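Raw coords_5.pdb, PDB, C-alpha atoms and all ligand atoms:
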MODEL        1
ATOM      1  CA  MET L  11     -15.064   4.608   0.825  1.00  0.00           C
ATOM      2  CA  THR L  12     -14.040   3.859   4.379  1.00  0.00           C
ATOM      3  CA  GLN L  13     -10.331   4.365   3.918  1.00  0.00           C
ATOM      4  CA  ASP L  14     -10.102   7.123   6.505  1.00  0.00           C
ATOM      5  CA  ALA L  15     -12.059   5.281   9.168  1.00  0.00           C
ATOM      6  CA  LEU L  16      -8.920   4.591  11.189  1.00  0.00           C
ATOM      7  CA  PRO L  17      -7.062   7.870  11.449  1.00  0.00           C
ATOM      8  CA  TRP L  18      -3.844   6.803  13.122  1.00  0.00           C
ATOM      9  CA  LEU L  19      -2.158   6.052   9.805  1.00  0.00           C
ATOM     10  CA  SER L  20      -3.670   9.026   8.024  1.00  0.00           C
ATOM     11  CA  THR L  21      -1.758  11.758   9.785  1.00  0.00           C
ATOM     12  CA  PRO L  22      -0.790  14.665   7.528  1.00  0.00           C
ATOM     13  CA  ALA L  23       2.865  13.702   7.837  1.00  0.00           C
ATOM     14  CA  LEU L  24       2.326  10.518   5.879  1.00  0.00           C
ATOM     15  CA  PRO L  25       1.810  10.885   2.137  1.00  0.00           C
ATOM     16  CA  ARG L  26      -1.247   9.204   0.669  1.00  0.00           C
ATOM     17  CA  PHE L  27      -1.219   7.875  -2.857  1.00  0.00           C
ATOM     18  CA  LEU L  28      -3.509   7.213  -5.767  1.00  0.00           C
ATOM     19  CA  ALA L  29      -2.152   4.691  -8.269  1.00  0.00           C
ATOM     20  CA  ASP L  30      -3.194   4.496 -11.897  1.00  0.00           C
ATOM     21  CA  ARG L  31      -3.946   1.201 -13.627  1.00  0.00           C
ATOM     22  CA  MET L  32      -0.357   0.818 -14.872  1.00  0.00           C
ATOM     23  CA  VAL L  33       1.156   0.586 -11.406  1.00  0.00           C
ATOM     24  CA  GLY L  34      -1.058  -1.873  -9.554  1.00  0.00           C
ATOM     25  CA  ARG L  35       1.830  -3.891  -8.190  1.00  0.00           C
ATOM     26  CA  LEU L  36       3.472  -0.716  -6.921  1.00  0.00           C
ATOM     27  CA  ALA L  37       0.205   0.097  -5.139  1.00  0.00           C
ATOM     28  CA  THR L  38       0.220  -3.306  -3.450  1.00  0.00           C
ATOM     29  CA  TRP L  39       3.749  -2.745  -2.246  1.00  0.00           C
ATOM     30  CA  LEU L  40       3.072   0.714  -0.894  1.00  0.00           C
ATOM     31  CA  ARG L  41       0.231  -0.830   1.113  1.00  0.00           C
ATOM     32  CA  ILE L  42       2.575  -3.535   2.411  1.00  0.00           C
ATOM     33  CA  LEU L  43       4.813  -0.698   3.621  1.00  0.00           C
ATOM     34  CA  GLY L  44       1.777   0.742   5.402  1.00  0.00           C
ATOM     35  CA  TYR L  45       1.054   3.712   3.126  1.00  0.00           C
ATOM     36  CA  ASP L  46      -2.534   4.594   2.333  1.00  0.00           C
ATOM     37  CA  THR L  47      -2.724   3.869  -1.396  1.00  0.00           C
ATOM     38  CA  ALA L  48      -5.930   3.965  -3.400  1.00  0.00           C
ATOM     39  CA  TYR L  49      -5.964   1.939  -6.609  1.00  0.00           C
ATOM     40  CA  LEU L  50      -8.773   2.818  -8.964  1.00  0.00           C
ATOM     41  CA  PRO L  51      -7.981   1.131 -12.289  1.00  0.00           C
ATOM     42  CA  HIS L  52     -11.393   1.904 -13.775  1.00  0.00           C
ATOM     43  CA  LEU L  53     -10.862   5.684 -13.710  1.00  0.00           C
ATOM     44  CA  SER L  54     -10.056   7.673 -16.820  1.00  0.00           C
ATOM     45  CA  PRO L  55      -7.013   9.982 -16.758  1.00  0.00           C
ATOM     46  CA  GLN L  56      -9.319  12.909 -16.022  1.00  0.00           C
ATOM     47  CA  GLY L  57     -10.996  10.916 -13.276  1.00  0.00           C
ATOM     48  CA  LEU L  58      -7.610  10.198 -11.699  1.00  0.00           C
ATOM     49  CA  LEU L  59      -6.717  13.880 -11.684  1.00  0.00           C
ATOM     50  CA  ARG L  60     -10.074  14.727 -10.143  1.00  0.00           C
ATOM     51  CA  GLU L  61      -9.821  12.072  -7.412  1.00  0.00           C
ATOM     52  CA  GLY L  62      -6.191  12.942  -6.669  1.00  0.00           C
ATOM     53  CA  ARG L  63      -7.210  16.547  -6.057  1.00  0.00           C
ATOM     54  CA  ARG L  64     -10.385  15.708  -4.177  1.00  0.00           C
ATOM     55  CA  GLN L  65      -8.748  13.211  -1.814  1.00  0.00           C
ATOM     56  CA  GLY L  66      -5.455  15.099  -1.464  1.00  0.00           C
ATOM     57  CA  ARG L  67      -3.467  12.115  -2.712  1.00  0.00           C
ATOM     58  CA  ILE L  68      -0.229  12.022  -4.670  1.00  0.00           C
ATOM     59  CA  LEU L  69      -1.010  10.596  -8.067  1.00  0.00           C
ATOM     60  CA  LEU L  70       1.335   7.840  -9.243  1.00  0.00           C
ATOM     61  CA  THR L  71       1.119   7.477 -12.992  1.00  0.00           C
ATOM     62  CA  ARG L  72       2.971   6.239 -16.031  1.00  0.00           C
ATOM     63  CA  ASP L  73       0.842   8.394 -18.304  1.00  0.00           C
ATOM     64  CA  SER L  74       3.122  11.214 -19.444  1.00  0.00           C
ATOM     65  CA  ARG L  75       0.141  13.065 -20.971  1.00  0.00           C
ATOM     66  CA  LEU L  76      -1.021  13.929 -17.463  1.00  0.00           C
ATOM     67  CA  LEU L  77       2.130  16.016 -16.966  1.00  0.00           C
ATOM     68  CA  ARG L  78       0.883  18.456 -19.568  1.00  0.00           C
ATOM     69  CA  GLN L  79      -2.541  18.942 -18.008  1.00  0.00           C
ATOM     70  CA  LYS L  80      -3.466  22.155 -16.293  1.00  0.00           C
ATOM     71  CA  ASP L  81      -4.239  22.207 -12.594  1.00  0.00           C
ATOM     72  CA  VAL L  82      -2.526  18.891 -11.914  1.00  0.00           C
ATOM     73  CA  PRO L  83      -2.580  17.610  -8.323  1.00  0.00           C
ATOM     74  CA  SER L  84       0.610  16.353  -6.698  1.00  0.00           C
ATOM     75  CA  LEU L  85       1.894  13.822  -9.161  1.00  0.00           C
ATOM     76  CA  ILE L  86       4.858  11.520  -9.590  1.00  0.00           C
ATOM     77  CA  PHE L  87       5.604  10.311 -13.085  1.00  0.00           C
ATOM     78  CA  ILE L  88       6.774   6.720 -12.624  1.00  0.00           C
ATOM     79  CA  ARG L  89       9.707   6.089 -14.962  1.00  0.00           C
ATOM     80  CA  ASP L  90      10.490   2.406 -14.533  1.00  0.00           C
ATOM     81  CA  ASP L  91       8.656  -0.488 -16.192  1.00  0.00           C
ATOM     82  CA  HIS L  92       9.343  -2.780 -13.298  1.00  0.00           C
ATOM     83  CA  PHE L  93       7.755  -2.497  -9.878  1.00  0.00           C
ATOM     84  CA  ARG L  94      11.079  -2.685  -8.024  1.00  0.00           C
ATOM     85  CA  GLY L  95      12.386   0.396  -9.788  1.00  0.00           C
ATOM     86  CA  GLN L  96       9.000   2.060  -9.303  1.00  0.00           C
ATOM     87  CA  LEU L  97       8.956   1.362  -5.579  1.00  0.00           C
ATOM     88  CA  LYS L  98      12.473   2.624  -5.180  1.00  0.00           C
ATOM     89  CA  GLN L  99      11.591   5.830  -7.029  1.00  0.00           C
ATOM     90  CA  VAL L 100       8.638   6.538  -4.733  1.00  0.00           C
ATOM     91  CA  ILE L 101      10.602   5.667  -1.578  1.00  0.00           C
ATOM     92  CA  VAL L 102      13.391   8.053  -2.586  1.00  0.00           C
ATOM     93  CA  GLU L 103      11.288  10.923  -3.940  1.00  0.00           C
ATOM     94  CA  CYS L 104       8.800  10.894  -1.057  1.00  0.00           C
ATOM     95  CA  ARG L 105      11.452  10.060   1.551  1.00  0.00           C
ATOM     96  CA  LEU L 106       9.371   7.173   2.821  1.00  0.00           C
ATOM     97  CA  THR L 107      10.436   5.138   5.829  1.00  0.00           C
ATOM     98  CA  PRO L 108       9.703   1.609   4.614  1.00  0.00           C
ATOM     99  CA  MET L 109       9.962  -0.093   7.976  1.00  0.00           C
ATOM    100  CA  ALA L 110       7.863   2.327  10.027  1.00  0.00           C
ATOM    101  CA  SER L 111       4.433   0.825   9.355  1.00  0.00           C
ATOM    102  CA  LEU L 112       5.276  -2.408   7.593  1.00  0.00           C
ATOM    103  CA  PHE L 113       2.264  -4.765   7.383  1.00  0.00           C
ATOM    104  CA  ALA L 114      -0.157  -2.285   8.913  1.00  0.00           C
ATOM    105  CA  ARG L 115      -2.535  -2.486   5.928  1.00  0.00           C
ATOM    106  CA  CYS L 116      -4.291  -5.082   3.832  1.00  0.00           C
ATOM    107  CA  SER L 117      -2.417  -5.355   0.543  1.00  0.00           C
ATOM    108  CA  GLU L 118      -5.697  -6.129  -1.235  1.00  0.00           C
ATOM    109  CA  CYS L 119      -8.040  -3.427   0.045  1.00  0.00           C
ATOM    110  CA  ASN L 120      -5.850  -0.792   1.715  1.00  0.00           C
ATOM    111  CA  GLN L 121      -7.640  -1.113   5.060  1.00  0.00           C
ATOM    112  CA  VAL L 122      -5.704  -0.783   8.303  1.00  0.00           C
ATOM    113  CA  LEU L 123      -5.400  -4.261   9.823  1.00  0.00           C
ATOM    114  CA  GLU L 124      -6.842  -5.062  13.237  1.00  0.00           C
ATOM    115  CA  ALA L 125      -5.272  -7.326  15.816  1.00  0.00           C
ATOM    116  CA  VAL L 126      -7.336 -10.455  16.309  1.00  0.00           C
ATOM    117  CA  ALA L 127      -7.297 -12.917  19.187  1.00  0.00           C
ATOM    118  CA  LYS L 128      -5.635 -16.175  18.231  1.00  0.00           C
ATOM    119  CA  GLU L 129      -8.393 -18.267  19.818  1.00  0.00           C
ATOM    120  CA  THR L 130     -11.032 -16.806  17.519  1.00  0.00           C
ATOM    121  CA  ILE L 131      -9.465 -17.746  14.190  1.00  0.00           C
ATOM    122  CA  GLN L 132      -8.328 -21.334  14.644  1.00  0.00           C
ATOM    123  CA  ASP L 133     -10.598 -22.586  11.872  1.00  0.00           C
ATOM    124  CA  GLN L 134      -9.536 -19.832   9.474  1.00  0.00           C
ATOM    125  CA  VAL L 135      -5.819 -20.534   9.115  1.00  0.00           C
ATOM    126  CA  PRO L 136      -3.860 -23.721   8.420  1.00  0.00           C
ATOM    127  CA  GLU L 137      -3.326 -25.829  11.520  1.00  0.00           C
ATOM    128  CA  TYR L 138       0.461 -25.550  11.284  1.00  0.00           C
ATOM    129  CA  VAL L 139       0.256 -21.777  11.133  1.00  0.00           C
ATOM    130  CA  TRP L 140      -2.086 -21.656  14.103  1.00  0.00           C
ATOM    131  CA  GLN L 141       0.254 -23.885  16.102  1.00  0.00           C
ATOM    132  CA  THR L 142       3.421 -21.963  15.307  1.00  0.00           C
ATOM    133  CA  GLN L 143       2.363 -18.311  15.084  1.00  0.00           C
ATOM    134  CA  GLY L 144       1.501 -16.106  18.029  1.00  0.00           C
ATOM    135  CA  THR L 145       0.169 -12.906  16.490  1.00  0.00           C
ATOM    136  CA  PHE L 146      -2.557 -12.490  13.910  1.00  0.00           C
ATOM    137  CA  HIS L 147      -4.212  -9.512  12.224  1.00  0.00           C
ATOM    138  CA  ARG L 148      -7.353  -9.306  10.143  1.00  0.00           C
ATOM    139  CA  CYS L 149      -8.545  -6.984   7.413  1.00  0.00           C
ATOM    140  CA  PRO L 150     -11.878  -5.438   8.465  1.00  0.00           C
ATOM    141  CA  GLU L 151     -13.049  -5.429   4.845  1.00  0.00           C
ATOM    142  CA  CYS L 152     -12.043  -8.716   3.171  1.00  0.00           C
ATOM    143  CA  HIS L 153     -11.427 -10.557   6.485  1.00  0.00           C
ATOM    144  CA  ARG L 154      -8.153 -11.958   5.203  1.00  0.00           C
ATOM    145  CA  ILE L 155      -5.957 -13.118   8.098  1.00  0.00           C
ATOM    146  CA  TYR L 156      -2.351 -11.994   8.219  1.00  0.00           C
ATOM    147  CA  TRP L 157       0.445 -13.501  10.265  1.00  0.00           C
ATOM    148  CA  SER L 158       3.987 -12.403  10.347  1.00  0.00           C
ATOM    149  CA  ALA L 159       6.285 -15.208   9.271  1.00  0.00           C
ATOM    150  CA  THR L 160       5.954 -15.766   5.526  1.00  0.00           C
ATOM    151  CA  HIS L 161       4.750 -12.322   4.532  1.00  0.00           C
ATOM    152  CA  LYS L 162       7.498 -10.673   6.468  1.00  0.00           C
ATOM    153  CA  VAL L 163      10.324 -12.845   5.158  1.00  0.00           C
ATOM    154  CA  HIS L 164       9.175 -12.292   1.597  1.00  0.00           C
ATOM    155  CA  ALA L 165       8.788  -8.542   1.980  1.00  0.00           C
ATOM    156  CA  LEU L 166      12.074  -8.044   3.772  1.00  0.00           C
ATOM    157  CA  ALA L 167      13.888  -9.990   1.059  1.00  0.00           C
ATOM    158  CA  GLU L 168      12.248  -7.788  -1.553  1.00  0.00           C
ATOM    159  CA  LEU L 169      13.293  -4.605   0.235  1.00  0.00           C
ATOM    160  CA  ARG L 170      16.846  -5.857   0.535  1.00  0.00           C
ATOM    161  CA  ARG L 171      16.872  -6.430  -3.211  1.00  0.00           C
ATOM    162  CA  LEU L 172      16.054  -2.746  -3.571  1.00  0.00           C
ATOM    163  CA  GLY L 173      19.100  -1.929  -1.491  1.00  0.00           C
ATOM    164  CA  ILE L 174      16.966  -0.762   1.420  1.00  0.00           C
ATOM    165  CA  GLU L 175      18.463  -1.434   4.803  1.00  0.00           C
ATOM    166  CA  VAL L 176      16.133  -3.545   6.890  1.00  0.00           C
TER     167      VAL L 176
HETATM  168 ZN    ZN U   1      -8.557  -6.715   2.823  1.00  0.00          ZN
ENDMDL
END

Represent the structure contained in this file as structure tokens.
Ligand SMILES: [Zn+2]
Amino acid sequence: MTQDALPWLSTPALPRFLADRMVGRLATWLRILGYDTAYLPHLSPQGLLREGRRQGRILLTRDSRLLRQKDVPSLIFIRDDHFRGQLKQVIVECRLTPMASLFARCSECNQVLEAVAKETIQDQVPEYVWQTQGTFHRCPECHRIYWSATHKVHALAELRRLGIEV
């Protein structure tokens, strides 16, 4: 685990999450909003509780049995079937600020993205993108390149659908 390697997004003020296997899309979206969100779909319910406690993360689960366990870490029982309702629930209950760190993390591996010089990645993005975009970021783990235009338009539209002012 190298998720805490870059501390500037791991300040105590920002909640960190651990998503169970039922809410993978929610986990992706929390990462898009810049929140440190571990997704460990292979863990058993007991394993989730243990990791939530050990890592000091808020457990996001749809498993109502976990509510009855003793010594439960911080936990949010996700009510909605659909990720939009789920995301809205977490934003409201945790008082998240969705725009504060938008696109700071890789949506695949939860790593904080690093700025990358445009000249160094010409052969790694489509020519049109390279010609028209000025700013690029890269995930230090999967090396996926991010640029603002399409991701941002899509995400902002999604947040507006949730009724979140952007
Ligand atoms: Zn990545």

**Q.** Residue neighbourhood Gln143 (chain L), 12 Å, all atoms listed in the file, exclusion window fewer than 4 positions, as a list in words
**A.**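 Once the nearby chain positions are removed, what remains is Ala127, Lys128, Glu129, Ile131, Gln132, Val135, Pro136, Glu137, Tyr138, Val139, His147, Tyr156, Trp157, Ser158, Ala159 and Thr160 of chain L.
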
Q. Can you list what the PyMOL selection byres (((chain L and resi 59) around 9) and not hetatm) grabs from this structure, as a PyMOL selection string?
A. chain L and resi 54-58+60-64+69+76+81-83+85

(Q) Can you work out which residues are within 9 Å of ligand ZN 1 (chain U), considering all atoms listed in the file, and then hand them over as number ranges by chain? (A) L: 115-123, 148-155

Q) What is the CA of Ile42 (chain L) to CA of Pro108 (chain L) distance in Å? A)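 Distance reported for this atom pair: 9.1 Å.
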
Q | Residues returned when the PyMOL selection byres (((chain L and resi 33) around 12) and not hetatm) runs on this file, as a ChimeraX atom specification | A | /L:27-32,34-40,47-51,69-73,86-97,100

Would you compute the box with edges along x, y and z of the file around region 112-115 of chain L, including every atom the file lists for it and 3 Å extra on each side, and give its centre and edge lengths in Å to one decimal, as AutoDock Vina command-line options?
--center_x 1.4 --center_y -3.5 --center_z 7.4 --size_x 13.8 --size_y 8.5 --size_z 9.0

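Picked out by the PyMOL selection byres (((chain L and resi 173) around 12) and not hetatm) when it runs on this file: Arg94, Gly95, Leu97, Lys98, Ile101, Val102, Pro108, Leu166, Ala167, Glu168, Leu169, Arg170, Arg171, Leu172, Ile174, Glu175 and Val176 of chain L.
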
Q: Work out how far CA of Lys162 (chain L) is from CA of Thr107 (chain L), in Å to one decimal.
A: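 Spanning CA of Thr107 (chain L) to CA of Lys162 (chain L) is a straight-line distance of 16.1 Å.
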
Q: Find the residue from L:His52, L:Phe146, L:Ala110, L:Ile68 that sits nearest to His161 (chain L); use all atoms listed in the file when measuring.
A: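 The closest residue to His161 (chain L) is L:Phe146.
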
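Interatomic distance, CA of Gln134 (chain L) to CA of Gly44 (chain L): 23.8 Å.
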
**Q.** Of the listed residues L:Val126, L:Leu112, L:Leu24, L:Leu43, that which approaches Arg67 (chain L) most closely, counting only C-alpha atoms
**A.**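 Between L:Val126, L:Leu112, L:Leu24, L:Leu43, the residue approaching Arg67 (chain L) most closely is L:Leu24.
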
Q. Between L:Leu53, L:Lys80, L:Ala165, L:Thr145, which has the minimum distance to Arg41 (chain L) (counting only C-alpha atoms)?
A. L:Ala165
